[in-house]
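Colleague: Sharing my_file.cif, mmCIF, N, CA and C atoms:
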data_work
#
loop_
_atom_site.group_PDB
_atom_site.id
_atom_site.type_symbol
_atom_site.label_atom_id
_atom_site.label_comp_id
_atom_site.auth_asym_id
_atom_site.auth_seq_id
_atom_site.Cartn_x
_atom_site.Cartn_y
_atom_site.Cartn_z
ATOM 1 N N MET A 296 -11.447 -14.810 -8.259
ATOM 2 C CA MET A 296 -12.578 -14.696 -9.152
ATOM 3 C C MET A 296 -13.178 -13.300 -9.067
ATOM 4 N N THR A 297 -13.274 -12.748 -7.875
ATOM 5 C CA THR A 297 -13.850 -11.423 -7.699
ATOM 6 C C THR A 297 -12.985 -10.364 -8.361
ATOM 7 N N ALA A 298 -11.664 -10.485 -8.200
ATOM 8 C CA ALA A 298 -10.764 -9.496 -8.804
ATOM 9 C C ALA A 298 -10.899 -9.506 -10.312
ATOM 10 N N HIS A 299 -11.087 -10.700 -10.898
ATOM 11 C CA HIS A 299 -11.251 -10.791 -12.345
ATOM 12 C C HIS A 299 -12.534 -10.090 -12.787
ATOM 13 N N LEU A 300 -13.611 -10.272 -12.036
ATOM 14 C CA LEU A 300 -14.880 -9.624 -12.379
ATOM 15 C C LEU A 300 -14.774 -8.113 -12.212
ATOM 16 N N GLU A 301 -14.079 -7.670 -11.156
ATOM 17 C CA GLU A 301 -13.910 -6.239 -10.964
ATOM 18 C C GLU A 301 -13.088 -5.638 -12.087
ATOM 19 N N PHE A 302 -12.044 -6.345 -12.533
ATOM 20 C CA PHE A 302 -11.227 -5.850 -13.634
ATOM 21 C C PHE A 302 -12.061 -5.742 -14.904
ATOM 22 N N GLN A 303 -12.934 -6.732 -15.132
ATOM 23 C CA GLN A 303 -13.801 -6.670 -16.308
ATOM 24 C C GLN A 303 -14.759 -5.490 -16.221
ATOM 25 N N SER A 304 -15.280 -5.196 -15.027
ATOM 26 C CA SER A 304 -16.197 -4.067 -14.907
ATOM 27 C C SER A 304 -15.465 -2.757 -15.172
ATOM 28 N N TYR A 305 -14.190 -2.665 -14.780
ATOM 29 C CA TYR A 305 -13.425 -1.458 -15.079
ATOM 30 C C TYR A 305 -13.218 -1.324 -16.578
ATOM 31 N N LEU A 306 -12.991 -2.452 -17.250
ATOM 32 C CA LEU A 306 -12.833 -2.384 -18.696
ATOM 33 C C LEU A 306 -14.135 -1.961 -19.359
ATOM 34 N N ASN A 307 -15.279 -2.403 -18.823
ATOM 35 C CA ASN A 307 -16.563 -1.986 -19.389
ATOM 36 C C ASN A 307 -16.765 -0.487 -19.215
ATOM 37 N N ILE A 308 -16.349 0.054 -18.090
ATOM 38 C CA ILE A 308 -16.450 1.490 -17.897
ATOM 39 C C ILE A 308 -15.570 2.222 -18.909
ATOM 40 N N CYS A 309 -14.446 1.609 -19.268
ATOM 41 C CA CYS A 309 -13.491 2.228 -20.193
ATOM 42 C C CYS A 309 -13.785 1.848 -21.640
ATOM 43 N N ASP A 310 -15.007 1.510 -21.971
ATOM 44 C CA ASP A 310 -15.420 1.171 -23.333
ATOM 45 C C ASP A 310 -14.680 -0.041 -23.878
ATOM 46 N N ASN A 311 -14.468 -1.046 -23.033
ATOM 47 C CA ASN A 311 -13.839 -2.303 -23.415
ATOM 48 C C ASN A 311 -12.488 -2.138 -24.094
ATOM 49 N N SER A 312 -11.739 -1.148 -23.726
ATOM 50 C CA SER A 312 -10.406 -0.966 -24.296
ATOM 51 C C SER A 312 -9.368 -1.070 -23.193
ATOM 52 N N TRP A 313 -8.135 -1.312 -23.568
ATOM 53 C CA TRP A 313 -7.048 -1.396 -22.594
ATOM 54 C C TRP A 313 -6.506 -0.027 -22.257
ATOM 55 N N PHE A 314 -6.869 0.967 -23.010
ATOM 56 C CA PHE A 314 -6.343 2.307 -22.790
ATOM 57 C C PHE A 314 -7.327 3.120 -21.969
ATOM 58 N N VAL A 315 -6.805 3.913 -21.091
ATOM 59 C CA VAL A 315 -7.645 4.755 -20.251
ATOM 60 C C VAL A 315 -8.002 5.987 -21.061
ATOM 61 N N GLN A 316 -9.322 6.152 -21.316
ATOM 62 C CA GLN A 316 -9.743 7.254 -22.167
ATOM 63 C C GLN A 316 -10.480 8.343 -21.404
ATOM 64 N N GLY A 317 -11.149 7.968 -20.343
ATOM 65 C CA GLY A 317 -11.956 8.953 -19.632
ATOM 66 C C GLY A 317 -11.453 9.208 -18.234
ATOM 67 N N GLU A 318 -11.995 10.234 -17.612
ATOM 68 C CA GLU A 318 -11.580 10.609 -16.268
ATOM 69 C C GLU A 318 -12.016 9.561 -15.249
ATOM 70 N N ILE A 319 -13.193 8.975 -15.436
ATOM 71 C CA ILE A 319 -13.680 7.952 -14.508
ATOM 72 C C ILE A 319 -12.746 6.752 -14.522
ATOM 73 N N CYS A 320 -12.315 6.336 -15.701
ATOM 74 C CA CYS A 320 -11.408 5.193 -15.811
ATOM 75 C C CYS A 320 -10.084 5.481 -15.127
ATOM 76 N N THR A 321 -9.583 6.671 -15.269
ATOM 77 C CA THR A 321 -8.314 7.037 -14.648
ATOM 78 C C THR A 321 -8.412 6.939 -13.142
ATOM 79 N N ILE A 322 -9.511 7.388 -12.564
ATOM 80 C CA ILE A 322 -9.677 7.339 -11.115
ATOM 81 C C ILE A 322 -9.753 5.896 -10.643
ATOM 82 N N TYR A 323 -10.495 5.023 -11.345
ATOM 83 C CA TYR A 323 -10.598 3.629 -10.937
ATOM 84 C C TYR A 323 -9.243 2.941 -10.978
ATOM 85 N N ILE A 324 -8.479 3.161 -12.033
ATOM 86 C CA ILE A 324 -7.182 2.508 -12.154
ATOM 87 C C ILE A 324 -6.213 3.058 -11.118
ATOM 88 N N LYS A 325 -6.234 4.359 -10.866
ATOM 89 C CA LYS A 325 -5.371 4.938 -9.839
ATOM 90 C C LYS A 325 -5.726 4.378 -8.469
ATOM 91 N N MET A 326 -7.025 4.203 -8.198
ATOM 92 C CA MET A 326 -7.450 3.689 -6.905
ATOM 93 C C MET A 326 -6.948 2.261 -6.700
ATOM 94 N N ASP A 327 -7.015 1.427 -7.745
ATOM 95 C CA ASP A 327 -6.520 0.057 -7.621
ATOM 96 C C ASP A 327 -5.035 0.036 -7.323
ATOM 97 N N VAL A 328 -4.270 0.801 -8.068
ATOM 98 C CA VAL A 328 -2.826 0.843 -7.873
ATOM 99 C C VAL A 328 -2.501 1.402 -6.492
ATOM 100 N N LEU A 329 -3.191 2.452 -6.096
ATOM 101 C CA LEU A 329 -2.936 3.050 -4.793
ATOM 102 C C LEU A 329 -3.306 2.104 -3.651
ATOM 103 N N GLN A 330 -4.376 1.332 -3.824
ATOM 104 C CA GLN A 330 -4.752 0.375 -2.783
ATOM 105 C C GLN A 330 -3.708 -0.723 -2.644
ATOM 106 N N ILE A 331 -3.146 -1.161 -3.750
ATOM 107 C CA ILE A 331 -2.089 -2.168 -3.698
ATOM 108 C C ILE A 331 -0.856 -1.591 -3.017
ATOM 109 N N ILE A 332 -0.490 -0.364 -3.369
ATOM 110 C CA ILE A 332 0.660 0.294 -2.748
ATOM 111 C C ILE A 332 0.419 0.461 -1.245
ATOM 112 N N LEU A 333 -0.809 0.835 -0.864
ATOM 113 C CA LEU A 333 -1.146 1.001 0.551
ATOM 114 C C LEU A 333 -0.955 -0.301 1.316
ATOM 115 N N VAL A 334 -1.447 -1.398 0.767
ATOM 116 C CA VAL A 334 -1.320 -2.699 1.439
ATOM 117 C C VAL A 334 0.148 -3.105 1.553
ATOM 118 N N VAL A 335 0.944 -2.839 0.512
ATOM 119 C CA VAL A 335 2.366 -3.195 0.547
ATOM 120 C C VAL A 335 3.082 -2.447 1.665
ATOM 121 N N PHE A 336 2.837 -1.140 1.784
ATOM 122 C CA PHE A 336 3.521 -0.369 2.816
ATOM 123 C C PHE A 336 2.995 -0.680 4.215
ATOM 124 N N MET A 337 1.711 -1.014 4.333
ATOM 125 C CA MET A 337 1.188 -1.440 5.632
ATOM 126 C C MET A 337 1.819 -2.762 6.053
ATOM 127 N N ALA A 338 1.966 -3.681 5.102
ATOM 128 C CA ALA A 338 2.617 -4.960 5.409
ATOM 129 C C ALA A 338 4.087 -4.741 5.760
ATOM 130 N N GLY A 339 4.739 -3.805 5.093
ATOM 131 C CA GLY A 339 6.130 -3.495 5.414
ATOM 132 C C GLY A 339 6.275 -2.945 6.825
ATOM 133 N N ALA A 340 5.365 -2.067 7.213
ATOM 134 C CA ALA A 340 5.401 -1.525 8.581
ATOM 135 C C ALA A 340 5.154 -2.631 9.602
ATOM 136 N N LEU A 341 4.203 -3.499 9.325
ATOM 137 C CA LEU A 341 3.937 -4.618 10.227
ATOM 138 C C LEU A 341 5.150 -5.543 10.322
ATOM 139 N N GLY A 342 5.776 -5.808 9.175
ATOM 140 C CA GLY A 342 6.966 -6.656 9.174
ATOM 141 C C GLY A 342 8.098 -6.059 9.990
ATOM 142 N N ALA A 343 8.306 -4.740 9.861
ATOM 143 C CA ALA A 343 9.362 -4.075 10.630
ATOM 144 C C ALA A 343 9.072 -4.152 12.127
ATOM 145 N N VAL A 344 7.808 -4.001 12.508
ATOM 146 C CA VAL A 344 7.444 -4.085 13.925
ATOM 147 C C VAL A 344 7.661 -5.504 14.449
ATOM 148 N N VAL A 345 7.224 -6.495 13.690
ATOM 149 C CA VAL A 345 7.358 -7.887 14.133
ATOM 150 C C VAL A 345 8.833 -8.260 14.267
ATOM 151 N N ILE A 346 9.645 -7.900 13.286
ATOM 152 C CA ILE A 346 11.077 -8.203 13.369
ATOM 153 C C ILE A 346 11.705 -7.484 14.557
ATOM 154 N N GLY A 347 11.311 -6.243 14.791
ATOM 155 C CA GLY A 347 11.838 -5.495 15.922
ATOM 156 C C GLY A 347 11.464 -6.106 17.257
ATOM 157 N N VAL A 348 10.216 -6.544 17.393
ATOM 158 C CA VAL A 348 9.768 -7.150 18.653
ATOM 159 C C VAL A 348 10.472 -8.491 18.881
ATOM 160 N N ILE A 349 10.605 -9.277 17.830
ATOM 161 C CA ILE A 349 11.301 -10.561 17.962
ATOM 162 C C ILE A 349 12.766 -10.326 18.324
ATOM 163 N N ALA A 350 13.389 -9.338 17.704
ATOM 164 C CA ALA A 350 14.787 -9.044 18.008
ATOM 165 C C ALA A 350 14.942 -8.579 19.458
ATOM 166 N N MET A 351 13.989 -7.790 19.951
ATOM 167 C CA MET A 351 14.057 -7.361 21.356
ATOM 168 C C MET A 351 13.855 -8.540 22.306
ATOM 169 N N ALA A 352 12.951 -9.438 21.953
ATOM 170 C CA ALA A 352 12.669 -10.582 22.812
ATOM 171 C C ALA A 352 13.876 -11.517 22.904
ATOM 172 N N VAL A 353 14.559 -11.705 21.785
ATOM 173 C CA VAL A 353 15.730 -12.570 21.764
ATOM 174 C C VAL A 353 16.918 -11.876 22.418
ATOM 175 N N ASN A 354 16.956 -10.548 22.296
ATOM 176 C CA ASN A 354 18.007 -9.713 22.872
ATOM 177 C C ASN A 354 19.388 -10.126 22.371
ATOM 178 N N GLY A 355 19.460 -10.299 21.070
ATOM 179 C CA GLY A 355 20.720 -10.742 20.483
ATOM 180 C C GLY A 355 21.445 -9.633 19.752
ATOM 181 N N LYS A 356 22.313 -10.056 18.857
ATOM 182 C CA LYS A 356 23.149 -9.134 18.101
ATOM 183 C C LYS A 356 22.309 -8.273 17.150
ATOM 184 N N LEU A 357 21.242 -8.864 16.591
ATOM 185 C CA LEU A 357 20.377 -8.127 15.666
ATOM 186 C C LEU A 357 19.747 -6.926 16.351
ATOM 187 N N ASN A 358 19.311 -7.084 17.578
ATOM 188 C CA ASN A 358 18.686 -5.992 18.311
ATOM 189 C C ASN A 358 19.671 -4.852 18.540
ATOM 190 N N LYS A 359 20.886 -5.172 18.925
ATOM 191 C CA LYS A 359 21.877 -4.133 19.220
ATOM 192 C C LYS A 359 22.311 -3.376 17.976
ATOM 193 N N ASN A 360 22.407 -4.073 16.859
ATOM 194 C CA ASN A 360 22.925 -3.446 15.641
ATOM 195 C C ASN A 360 21.868 -2.766 14.780
ATOM 196 N N HIS A 361 20.640 -3.280 14.799
ATOM 197 C CA HIS A 361 19.661 -2.817 13.810
ATOM 198 C C HIS A 361 18.346 -2.307 14.388
ATOM 199 N N SER A 362 18.201 -2.181 15.702
ATOM 200 C CA SER A 362 16.911 -1.781 16.264
ATOM 201 C C SER A 362 16.527 -0.365 15.832
ATOM 202 N N ASN A 363 17.470 0.557 15.806
ATOM 203 C CA ASN A 363 17.173 1.927 15.401
ATOM 204 C C ASN A 363 16.798 1.998 13.925
ATOM 205 N N LYS A 364 17.489 1.233 13.098
ATOM 206 C CA LYS A 364 17.179 1.209 11.664
ATOM 207 C C LYS A 364 15.788 0.625 11.408
ATOM 208 N N LEU A 365 15.432 -0.417 12.166
ATOM 209 C CA LEU A 365 14.109 -1.018 12.010
ATOM 210 C C LEU A 365 13.004 -0.038 12.396
ATOM 211 N N MET A 366 13.194 0.718 13.455
ATOM 212 C CA MET A 366 12.180 1.681 13.866
ATOM 213 C C MET A 366 12.066 2.825 12.852
ATOM 214 N N ARG A 367 13.172 3.263 12.304
ATOM 215 C CA ARG A 367 13.116 4.290 11.253
ATOM 216 C C ARG A 367 12.413 3.771 10.017
ATOM 217 N N LEU A 368 12.669 2.525 9.663
ATOM 218 C CA LEU A 368 12.002 1.909 8.523
ATOM 219 C C LEU A 368 10.501 1.806 8.771
ATOM 220 N N ARG A 369 10.119 1.432 9.991
ATOM 221 C CA ARG A 369 8.694 1.346 10.340
ATOM 222 C C ARG A 369 8.019 2.696 10.218
ATOM 223 N N VAL A 370 8.667 3.740 10.733
ATOM 224 C CA VAL A 370 8.092 5.089 10.656
ATOM 225 C C VAL A 370 7.968 5.530 9.205
ATOM 226 N N LEU A 371 8.964 5.223 8.390
ATOM 227 C CA LEU A 371 8.903 5.573 6.964
ATOM 228 C C LEU A 371 7.743 4.864 6.276
ATOM 229 N N PHE A 372 7.609 3.544 6.515
ATOM 230 C CA PHE A 372 6.514 2.797 5.903
ATOM 231 C C PHE A 372 5.155 3.315 6.367
ATOM 232 N N GLN A 373 5.033 3.637 7.640
ATOM 233 C CA GLN A 373 3.763 4.163 8.141
ATOM 234 C C GLN A 373 3.452 5.526 7.540
ATOM 235 N N ALA A 374 4.447 6.372 7.399
ATOM 236 C CA ALA A 374 4.221 7.699 6.814
ATOM 237 C C ALA A 374 3.779 7.583 5.369
ATOM 238 N N ILE A 375 4.413 6.706 4.614
ATOM 239 C CA ILE A 375 4.014 6.522 3.216
ATOM 240 C C ILE A 375 2.613 5.941 3.140
ATOM 241 N N ALA A 376 2.286 4.995 4.014
ATOM 242 C CA ALA A 376 0.944 4.405 4.020
ATOM 243 C C ALA A 376 -0.116 5.449 4.344
ATOM 244 N N VAL A 377 0.157 6.322 5.300
ATOM 245 C CA VAL A 377 -0.798 7.386 5.639
ATOM 246 C C VAL A 377 -0.947 8.350 4.470
ATOM 247 N N LEU A 378 0.147 8.697 3.812
ATOM 248 C CA LEU A 378 0.087 9.586 2.657
ATOM 249 C C LEU A 378 -0.730 8.975 1.518
ATOM 250 N N VAL A 379 -0.515 7.701 1.239
ATOM 251 C CA VAL A 379 -1.292 7.022 0.197
ATOM 252 C C VAL A 379 -2.755 6.956 0.592
ATOM 253 N N PHE A 380 -3.049 6.716 1.866
ATOM 254 C CA PHE A 380 -4.431 6.685 2.343
ATOM 255 C C PHE A 380 -5.111 8.042 2.139
ATOM 256 N N VAL A 381 -4.398 9.115 2.446
ATOM 257 C CA VAL A 381 -4.953 10.460 2.251
ATOM 258 C C VAL A 381 -5.219 10.710 0.759
ATOM 259 N N ILE A 382 -4.325 10.265 -0.100
ATOM 260 C CA ILE A 382 -4.522 10.431 -1.549
ATOM 261 C C ILE A 382 -5.740 9.645 -2.013
ATOM 262 N N ILE A 383 -5.933 8.426 -1.490
ATOM 263 C CA ILE A 383 -7.100 7.631 -1.859
ATOM 264 C C ILE A 383 -8.381 8.342 -1.437
ATOM 265 N N ILE A 384 -8.412 8.865 -0.230
ATOM 266 C CA ILE A 384 -9.601 9.582 0.242
ATOM 267 C C ILE A 384 -9.842 10.817 -0.611
ATOM 268 N N TRP A 385 -8.784 11.557 -0.939
ATOM 269 C CA TRP A 385 -8.930 12.761 -1.748
ATOM 270 C C TRP A 385 -9.456 12.423 -3.141
ATOM 271 N N LEU A 386 -8.952 11.339 -3.757
ATOM 272 C CA LEU A 386 -9.422 10.953 -5.086
ATOM 273 C C LEU A 386 -10.878 10.466 -5.051
ATOM 274 N N SER A 387 -11.262 9.815 -3.964
ATOM 275 C CA SER A 387 -12.643 9.314 -3.894
ATOM 276 C C SER A 387 -13.657 10.451 -3.710
ATOM 277 N N ARG A 388 -13.221 11.555 -3.145
ATOM 278 C CA ARG A 388 -14.132 12.697 -2.956
ATOM 279 C C ARG A 388 -14.255 13.553 -4.213
ATOM 280 N N ASN A 389 -13.246 13.531 -5.061
ATOM 281 C CA ASN A 389 -13.288 14.365 -6.290
ATOM 282 C C ASN A 389 -13.880 13.630 -7.435
#
In structure tokens, what does this structure look like?
Modeller:
Amino acid sequence: MTAHLEFQSYLNICDNSWFVQGEICTIYIKMDVLQIILVVFMAGALGAVVIGVIAMAVNGKLNKNHSNKLMRLRVLFQAIAVLVFVIIIWLSRN
């Protein structure tokens, strides 16, 4: 319900149109998309860590074959999440 109300308020800022016409509207829409992307990559990093820890605890074939790949994937997801976070902060200040 809250997301629906927030979406309506963004449309009101954009003169009740579906098209982004002003600079303020562009920043709000970019922030929403960037926040979703941030959460996705944070969840991906968490998932890679959890799978890696479970694989280490079980000490099976998955750990021997894929532990290095999982850690690289975690680092990649964390780097992208930090980059998106920096972009969100930069957009909120401008």
Colleague: To one decimal place in Å, what is the distance between atom CA of A:Ala350 and atom C of A:Phe336?
Modeller: 20.0 Å
Colleague: Report, in Å with one decimal, the straight-line distance from atom CA of A:Val379 to atom CA of A:Gly347.
Modeller: 24.0 Å
Colleague: Mind giving me the straight-line distance from atom CA of A:Ile331 to atom CA of A:His361 in Å, one decimal?
Modeller: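 According to the coordinates, atom CA of A:Ile331 and atom CA of A:His361 are separated by 27.9 Å.
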Colleague: Taking the file above as input, evaluate the PyMOL selection byres (((chain A and resi 332 and name CA) around 12) and name CA) and report the hits as a list in words.
Modeller: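 On this input, the PyMOL selection byres (((chain A and resi 332 and name CA) around 12) and name CA) captures Lys325, Met326, Asp327, Val328, Leu329, Gln330, Ile331, Leu333, Val334, Val335, Phe336, Met337, Ala338, Gly339, Phe372, Gln373, Ile375, Ala376, Val377, Leu378, Val379, Phe380, Ile382 and Ile383 of chain A.
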Colleague: Which residues are near A:Val345? Cut-off 12 Å, only C-alpha atoms, ignore same chain within fewer than 6 positions. Put them as a PyMOL selection string.
Modeller: chain A and resi 338-339+351-352+362+365-366+369
Colleague: Any chance you can output those residues with N, CA and C atoms as a PDB file, in the coordinates of the input?
Modeller:
ATOM      1  N   ALA A 338       1.966  -3.681   5.102  1.00  0.00           N
ATOM      2  CA  ALA A 338       2.617  -4.960   5.409  1.00  0.00           C
ATOM      3  C   ALA A 338       4.087  -4.741   5.760  1.00  0.00           C
ATOM      4  N   GLY A 339       4.739  -3.805   5.093  1.00  0.00           N
ATOM      5  CA  GLY A 339       6.130  -3.495   5.414  1.00  0.00           C
ATOM      6  C   GLY A 339       6.275  -2.945   6.825  1.00  0.00           C
ATOM      7  N   MET A 351      13.989  -7.790  19.951  1.00  0.00           N
ATOM      8  CA  MET A 351      14.057  -7.361  21.356  1.00  0.00           C
ATOM      9  C   MET A 351      13.855  -8.540  22.306  1.00  0.00           C
ATOM     10  N   ALA A 352      12.951  -9.438  21.953  1.00  0.00           N
ATOM     11  CA  ALA A 352      12.669 -10.582  22.812  1.00  0.00           C
ATOM     12  C   ALA A 352      13.876 -11.517  22.904  1.00  0.00           C
ATOM     13  N   SER A 362      18.201  -2.181  15.702  1.00  0.00           N
ATOM     14  CA  SER A 362      16.911  -1.781  16.264  1.00  0.00           C
ATOM     15  C   SER A 362      16.527  -0.365  15.832  1.00  0.00           C
ATOM     16  N   LEU A 365      15.432  -0.417  12.166  1.00  0.00           N
ATOM     17  CA  LEU A 365      14.109  -1.018  12.010  1.00  0.00           C
ATOM     18  C   LEU A 365      13.004  -0.038  12.396  1.00  0.00           C
ATOM     19  N   MET A 366      13.194   0.718  13.455  1.00  0.00           N
ATOM     20  CA  MET A 366      12.180   1.681  13.866  1.00  0.00           C
ATOM     21  C   MET A 366      12.066   2.825  12.852  1.00  0.00           C
ATOM     22  N   ARG A 369      10.119   1.432   9.991  1.00  0.00           N
ATOM     23  CA  ARG A 369       8.694   1.346  10.340  1.00  0.00           C
ATOM     24  C   ARG A 369       8.019   2.696  10.218  1.00  0.00           C
TER      25      ARG A 369
END
Colleague: Got a sec: who's within 6.5 Å of A:Leu368, counting all atoms listed in the file, leaving out chain neighbours fewer than 5 positions off, as a list in words?
Modeller: Ala340, Ala343, Asn363 and Gln373 of chain A
Colleague: If you take every atom of stretch 356-369 of chain A that the file lists and fit an axis-aligned box around them with 3 Å extra on each side, what centre and edge lengths come out in Å to one decimal, as lines of an AutoDock Vina configuration file?
Modeller:
center_x = 15.6
center_y = -2.9
center_z = 13.9
size_x = 21.1
size_y = 20.3
size_z = 16.7
